[in-house]
>>> print(open('target-v9.pdb').read())   # PDB, C-alpha atoms and all ligand atoms
MODEL        1
ATOM      1  CA  MET A   1      -7.560 -15.669  27.620  1.00  0.00           C
ATOM      2  CA  GLU A   2      -4.379 -13.765  28.269  1.00  0.00           C
ATOM      3  CA  PHE A   3      -3.170 -10.902  26.097  1.00  0.00           C
ATOM      4  CA  GLY A   4       0.333 -10.391  27.408  1.00  0.00           C
ATOM      5  CA  ALA A   5       3.304  -9.494  25.245  1.00  0.00           C
ATOM      6  CA  ASN A   6       4.211 -13.121  24.595  1.00  0.00           C
ATOM      7  CA  PHE A   7       0.700 -13.969  23.519  1.00  0.00           C
ATOM      8  CA  ILE A   8       0.591 -11.026  21.117  1.00  0.00           C
ATOM      9  CA  LEU A   9       4.004 -11.951  19.739  1.00  0.00           C
ATOM     10  CA  GLN A  10       2.881 -15.537  19.179  1.00  0.00           C
ATOM     11  CA  ARG A  11      -0.258 -14.392  17.380  1.00  0.00           C
ATOM     12  CA  LYS A  12       1.761 -12.063  15.203  1.00  0.00           C
ATOM     13  CA  GLU A  13       4.381 -14.674  14.392  1.00  0.00           C
ATOM     14  CA  SER A  14       1.678 -17.156  13.509  1.00  0.00           C
ATOM     15  CA  HIS A  15       0.521 -14.777  10.777  1.00  0.00           C
ATOM     16  CA  ASP A  16       3.971 -13.682   9.668  1.00  0.00           C
ATOM     17  CA  ARG A  17       4.128 -15.251   6.265  1.00  0.00           C
ATOM     18  CA  THR A  18       7.354 -13.486   5.307  1.00  0.00           C
ATOM     19  CA  GLY A  19       9.323 -14.404   8.423  1.00  0.00           C
ATOM     20  CA  LYS A  20      10.262 -10.742   8.845  1.00  0.00           C
ATOM     21  CA  GLY A  21       7.803  -9.923  11.591  1.00  0.00           C
ATOM     22  CA  GLU A  22       6.201  -7.240   9.476  1.00  0.00           C
ATOM     23  CA  ILE A  23       2.865  -8.747   8.681  1.00  0.00           C
ATOM     24  CA  SER A  24      -0.169  -7.383  10.444  1.00  0.00           C
ATOM     25  CA  VAL A  25      -3.584  -8.913   9.988  1.00  0.00           C
ATOM     26  CA  PRO A  26      -6.227  -6.245  10.425  1.00  0.00           C
ATOM     27  CA  PRO A  27      -9.667  -7.375  11.489  1.00  0.00           C
ATOM     28  CA  ILE A  28     -12.544  -7.810   9.104  1.00  0.00           C
ATOM     29  CA  ILE A  29     -15.820  -6.245  10.223  1.00  0.00           C
ATOM     30  CA  ASP A  30     -19.118  -7.743   9.126  1.00  0.00           C
ATOM     31  CA  PRO A  31     -21.338  -4.678   8.667  1.00  0.00           C
ATOM     32  CA  GLU A  32     -24.452  -6.845   8.821  1.00  0.00           C
ATOM     33  CA  LYS A  33     -23.592  -7.925  12.361  1.00  0.00           C
ATOM     34  CA  CYS A  34     -21.989  -4.712  13.669  1.00  0.00           C
ATOM     35  CA  THR A  35     -24.369  -2.703  15.855  1.00  0.00           C
ATOM     36  CA  GLY A  36     -21.969   0.201  16.381  1.00  0.00           C
ATOM     37  CA  CYS A  37     -21.718  -0.429  20.103  1.00  0.00           C
ATOM     38  CA  GLY A  38     -18.103   0.767  20.099  1.00  0.00           C
ATOM     39  CA  SER A  39     -16.697  -1.879  22.438  1.00  0.00           C
ATOM     40  CA  CYS A  40     -14.003  -2.934  19.985  1.00  0.00           C
ATOM     41  CA  VAL A  41     -12.987   0.684  19.390  1.00  0.00           C
ATOM     42  CA  ASP A  42     -12.684   1.288  23.130  1.00  0.00           C
ATOM     43  CA  ASP A  43     -10.698  -1.877  23.807  1.00  0.00           C
ATOM     44  CA  CYS A  44      -8.284  -1.869  20.864  1.00  0.00           C
ATOM     45  CA  PRO A  45      -4.844  -0.937  22.227  1.00  0.00           C
ATOM     46  CA  SER A  46      -3.590   0.403  18.897  1.00  0.00           C
ATOM     47  CA  GLU A  47      -6.385   2.721  17.717  1.00  0.00           C
ATOM     48  CA  VAL A  48      -6.905   0.587  14.640  1.00  0.00           C
ATOM     49  CA  LEU A  49     -10.674   0.996  14.701  1.00  0.00           C
ATOM     50  CA  THR A  50     -13.080   3.899  14.717  1.00  0.00           C
ATOM     51  CA  LEU A  51     -16.815   4.376  14.567  1.00  0.00           C
ATOM     52  CA  LYS A  52     -18.193   5.974  11.439  1.00  0.00           C
ATOM     53  CA  GLY A  53     -21.896   6.460  11.852  1.00  0.00           C
ATOM     54  CA  ASP A  54     -23.126   3.243  13.407  1.00  0.00           C
ATOM     55  CA  LYS A  55     -20.451   1.000  11.870  1.00  0.00           C
ATOM     56  CA  VAL A  56     -16.829   0.311  12.627  1.00  0.00           C
ATOM     57  CA  ASN A  57     -14.123   1.201  10.145  1.00  0.00           C
ATOM     58  CA  VAL A  58     -10.543  -0.048  10.111  1.00  0.00           C
ATOM     59  CA  ILE A  59      -8.512   3.152   9.919  1.00  0.00           C
ATOM     60  CA  ASN A  60      -5.007   2.019  10.878  1.00  0.00           C
ATOM     61  CA  PRO A  61      -4.586  -1.525   9.575  1.00  0.00           C
ATOM     62  CA  ASP A  62      -0.791  -1.361   9.767  1.00  0.00           C
ATOM     63  CA  GLU A  63      -1.001  -0.755  13.520  1.00  0.00           C
ATOM     64  CA  CYS A  64      -2.949  -3.943  14.184  1.00  0.00           C
ATOM     65  CA  MET A  65      -1.017  -6.290  16.490  1.00  0.00           C
ATOM     66  CA  ASP A  66      -3.369  -9.166  15.783  1.00  0.00           C
ATOM     67  CA  CYS A  67      -4.010  -9.450  19.514  1.00  0.00           C
ATOM     68  CA  GLY A  68      -7.638 -10.528  19.210  1.00  0.00           C
ATOM     69  CA  VAL A  69      -8.899  -8.114  21.864  1.00  0.00           C
ATOM     70  CA  CYS A  70     -11.476  -6.655  19.486  1.00  0.00           C
ATOM     71  CA  ILE A  71     -12.862 -10.116  18.723  1.00  0.00           C
ATOM     72  CA  ASP A  72     -13.412 -10.789  22.407  1.00  0.00           C
ATOM     73  CA  ALA A  73     -14.899  -7.310  22.879  1.00  0.00           C
ATOM     74  CA  CYS A  74     -17.574  -7.903  20.258  1.00  0.00           C
ATOM     75  CA  SER A  75     -20.723  -9.558  21.605  1.00  0.00           C
ATOM     76  CA  PHE A  76     -22.178  -9.786  18.118  1.00  0.00           C
ATOM     77  CA  ASP A  77     -19.555 -11.981  16.452  1.00  0.00           C
ATOM     78  CA  ALA A  78     -18.951  -9.231  13.904  1.00  0.00           C
ATOM     79  CA  ILE A  79     -15.155  -9.349  13.837  1.00  0.00           C
ATOM     80  CA  THR A  80     -12.841 -11.932  12.351  1.00  0.00           C
ATOM     81  CA  ILE A  81      -9.129 -12.076  11.723  1.00  0.00           C
ATOM     82  CA  SER A  82      -8.082 -14.453   8.986  1.00  0.00           C
TER      83      SER A  82
HETATM   84  S1  LIG A 101      -6.554  -7.358  16.784  1.00  0.00           S
HETATM   85 FE1  LIG A 101      -5.919  -6.041  18.521  1.00  0.00          FE
HETATM   86  S2  LIG A 101      -4.723  -4.371  17.604  1.00  0.00           S
HETATM   87 FE2  LIG A 101      -5.864  -5.376  15.923  1.00  0.00          FE
HETATM   88  S3  LIG A 101      -7.753  -4.188  15.742  1.00  0.00           S
HETATM   89 FE3  LIG A 101      -8.205  -5.896  17.120  1.00  0.00          FE
HETATM   90  S4  LIG A 101      -7.819  -5.086  19.195  1.00  0.00           S
HETATM   91 FE4  LIG A 101      -6.843  -3.679  17.721  1.00  0.00          FE
HETATM   92  S1  LIG A 102     -17.829  -4.558  19.208  1.00  0.00           S
HETATM   93 FE1  LIG A 102     -18.769  -5.584  17.405  1.00  0.00          FE
HETATM   94  S2  LIG A 102     -20.832  -4.702  17.270  1.00  0.00           S
HETATM   95 FE2  LIG A 102     -19.618  -3.372  18.632  1.00  0.00          FE
HETATM   96  S3  LIG A 102     -18.830  -1.752  17.258  1.00  0.00           S
HETATM   97 FE3  LIG A 102     -17.273  -3.380  17.362  1.00  0.00          FE
HETATM   98  S4  LIG A 102     -17.719  -4.745  15.586  1.00  0.00           S
HETATM   99 FE4  LIG A 102     -19.513  -3.464  15.932  1.00  0.00          FE
ENDMDL
END
>>> encode(input="target-v9.pdb", output="structure tokens")
Amino acid sequence: MEFGANFILQRKESHDRTGKGEISVPPIIDPEKCTGCGSCVDDCPSEVLTLKGDKVNVINPDECMDCGVCIDACSFDAITIS
């Protein structure tokens, strides 16, 4: 899967319910599945995620570009974006 600028823009527009391009859709972390491996934190281009103990927290939800990189980075199927 490609994560170029057009792809990210398409993903963002697909979730832009207001038509203003301002909607971000931060990821949802399933704490039961998250092992704290940190892959999503390392790969996120916008520093949306951080490790707190052995779980991931969403610290900058407004910075999420809805690119899906974190979903692909997670081998434990712990991340979803609605
Ligand atoms: S969707 Fe992209 S920008 Fe948002 S948290 Fe995941 S990797 Fe970061
Ligand atoms: S990649 Fe998945 S298992 Fe690893 S820290 Fe992120 S959410 Fe948790």
>>> residues_around(input="target-v9.pdb", residues="stretch 30-45 of chain A", least_positions_apart="2", cutoff="8 Å", atoms="all atoms listed in the file", output="list in words")
Ile28, Glu47, Val48, Leu49, Thr50, Leu51, Gly53, Asp54, Lys55, Val56, Val69, Cys70, Ile71, Ala73, Cys74, Phe76, Asp77, Ala78 and Ile79 of chain A
>>> write_last_selection(input="target-v9.pdb", atoms="C-alpha atoms", output="PDB file, in the frame of the given file")
ATOM      1  CA  ILE A  28     -12.544  -7.810   9.104  1.00  0.00           C
ATOM      2  CA  GLU A  47      -6.385   2.721  17.717  1.00  0.00           C
ATOM      3  CA  VAL A  48      -6.905   0.587  14.640  1.00  0.00           C
ATOM      4  CA  LEU A  49     -10.674   0.996  14.701  1.00  0.00           C
ATOM      5  CA  THR A  50     -13.080   3.899  14.717  1.00  0.00           C
ATOM      6  CA  LEU A  51     -16.815   4.376  14.567  1.00  0.00           C
ATOM      7  CA  GLY A  53     -21.896   6.460  11.852  1.00  0.00           C
ATOM      8  CA  ASP A  54     -23.126   3.243  13.407  1.00  0.00           C
ATOM      9  CA  LYS A  55     -20.451   1.000  11.870  1.00  0.00           C
ATOM     10  CA  VAL A  56     -16.829   0.311  12.627  1.00  0.00           C
ATOM     11  CA  VAL A  69      -8.899  -8.114  21.864  1.00  0.00           C
ATOM     12  CA  CYS A  70     -11.476  -6.655  19.486  1.00  0.00           C
ATOM     13  CA  ILE A  71     -12.862 -10.116  18.723  1.00  0.00           C
ATOM     14  CA  ALA A  73     -14.899  -7.310  22.879  1.00  0.00           C
ATOM     15  CA  CYS A  74     -17.574  -7.903  20.258  1.00  0.00           C
ATOM     16  CA  PHE A  76     -22.178  -9.786  18.118  1.00  0.00           C
ATOM     17  CA  ASP A  77     -19.555 -11.981  16.452  1.00  0.00           C
ATOM     18  CA  ALA A  78     -18.951  -9.231  13.904  1.00  0.00           C
ATOM     19  CA  ILE A  79     -15.155  -9.349  13.837  1.00  0.00           C
TER      20      ILE A  79
END
>>> closest_residue(input="target-v9.pdb", among="A:Ser82, A:Lys52, A:Val25, A:Asp66", to="ligand LIG 102 (chain A)", atoms="only C-alpha atoms and all ligand atoms")
A:Lys52
>>> closest_residue(input="target-v9.pdb", among="A:Asn57, A:Ile29, A:Ser75, A:Ser46", to="ligand LIG 101 (chain A)", atoms="all atoms listed in the file")
A:Ser46
>>> axis_aligned_box(input="target-v9.pdb", around="ligand LIG 101 (chain A)", padding_each_side="4 Å", output="AutoDock Vina command-line options")
--center_x -6.5 --center_y -5.5 --center_z 17.5 --size_x 11.5 --size_y 11.7 --size_z 11.5
>>> resolve_selection(input="target-v9.pdb", expression="the PyMOL selection byres (((chain A and resi 60-64) around 6) and not hetatm)", output="list in words")
Ser24, Pro26, Val48, Val58, Ile59, Met65 and Asp66 of chain A
>>> build_atoms(input="target-v9.pdb", residues="stretch 35-46 of chain A", atoms="N, CA and C atoms", output="compact mmCIF listing (two decimals), in the frame of the given file")
# COMPACT_ATOMS: atom_id res chain seq x y z
N THR A 35 -23.31 -3.58 15.35
CA THR A 35 -24.37 -2.70 15.86
C THR A 35 -23.86 -1.29 16.15
N GLY A 36 -22.54 -1.10 16.05
CA GLY A 36 -21.97 0.20 16.38
C GLY A 36 -21.87 0.46 17.86
N CYS A 37 -21.76 -0.61 18.65
CA CYS A 37 -21.72 -0.43 20.10
C CYS A 37 -20.42 0.24 20.57
N GLY A 38 -19.36 0.09 19.79
CA GLY A 38 -18.10 0.77 20.10
C GLY A 38 -17.16 0.03 21.04
N SER A 39 -17.55 -1.16 21.49
CA SER A 39 -16.70 -1.88 22.44
C SER A 39 -15.32 -2.18 21.85
N CYS A 40 -15.29 -2.59 20.60
CA CYS A 40 -14.00 -2.93 19.98
C CYS A 40 -13.13 -1.69 19.84
N VAL A 41 -13.74 -0.57 19.53
CA VAL A 41 -12.99 0.68 19.39
C VAL A 41 -12.37 1.06 20.73
N ASP A 42 -13.16 0.94 21.79
CA ASP A 42 -12.68 1.29 23.13
C ASP A 42 -11.56 0.37 23.60
N ASP A 43 -11.65 -0.91 23.25
CA ASP A 43 -10.70 -1.88 23.81
C ASP A 43 -9.45 -2.05 22.97
N CYS A 44 -9.46 -1.68 21.71
CA CYS A 44 -8.28 -1.87 20.86
C CYS A 44 -7.11 -1.04 21.40
N PRO A 45 -5.98 -1.67 21.66
CA PRO A 45 -4.84 -0.94 22.23
C PRO A 45 -4.06 -0.12 21.20
N SER A 46 -4.41 -0.24 19.94
CA SER A 46 -3.59 0.40 18.90
C SER A 46 -4.35 1.41 18.05
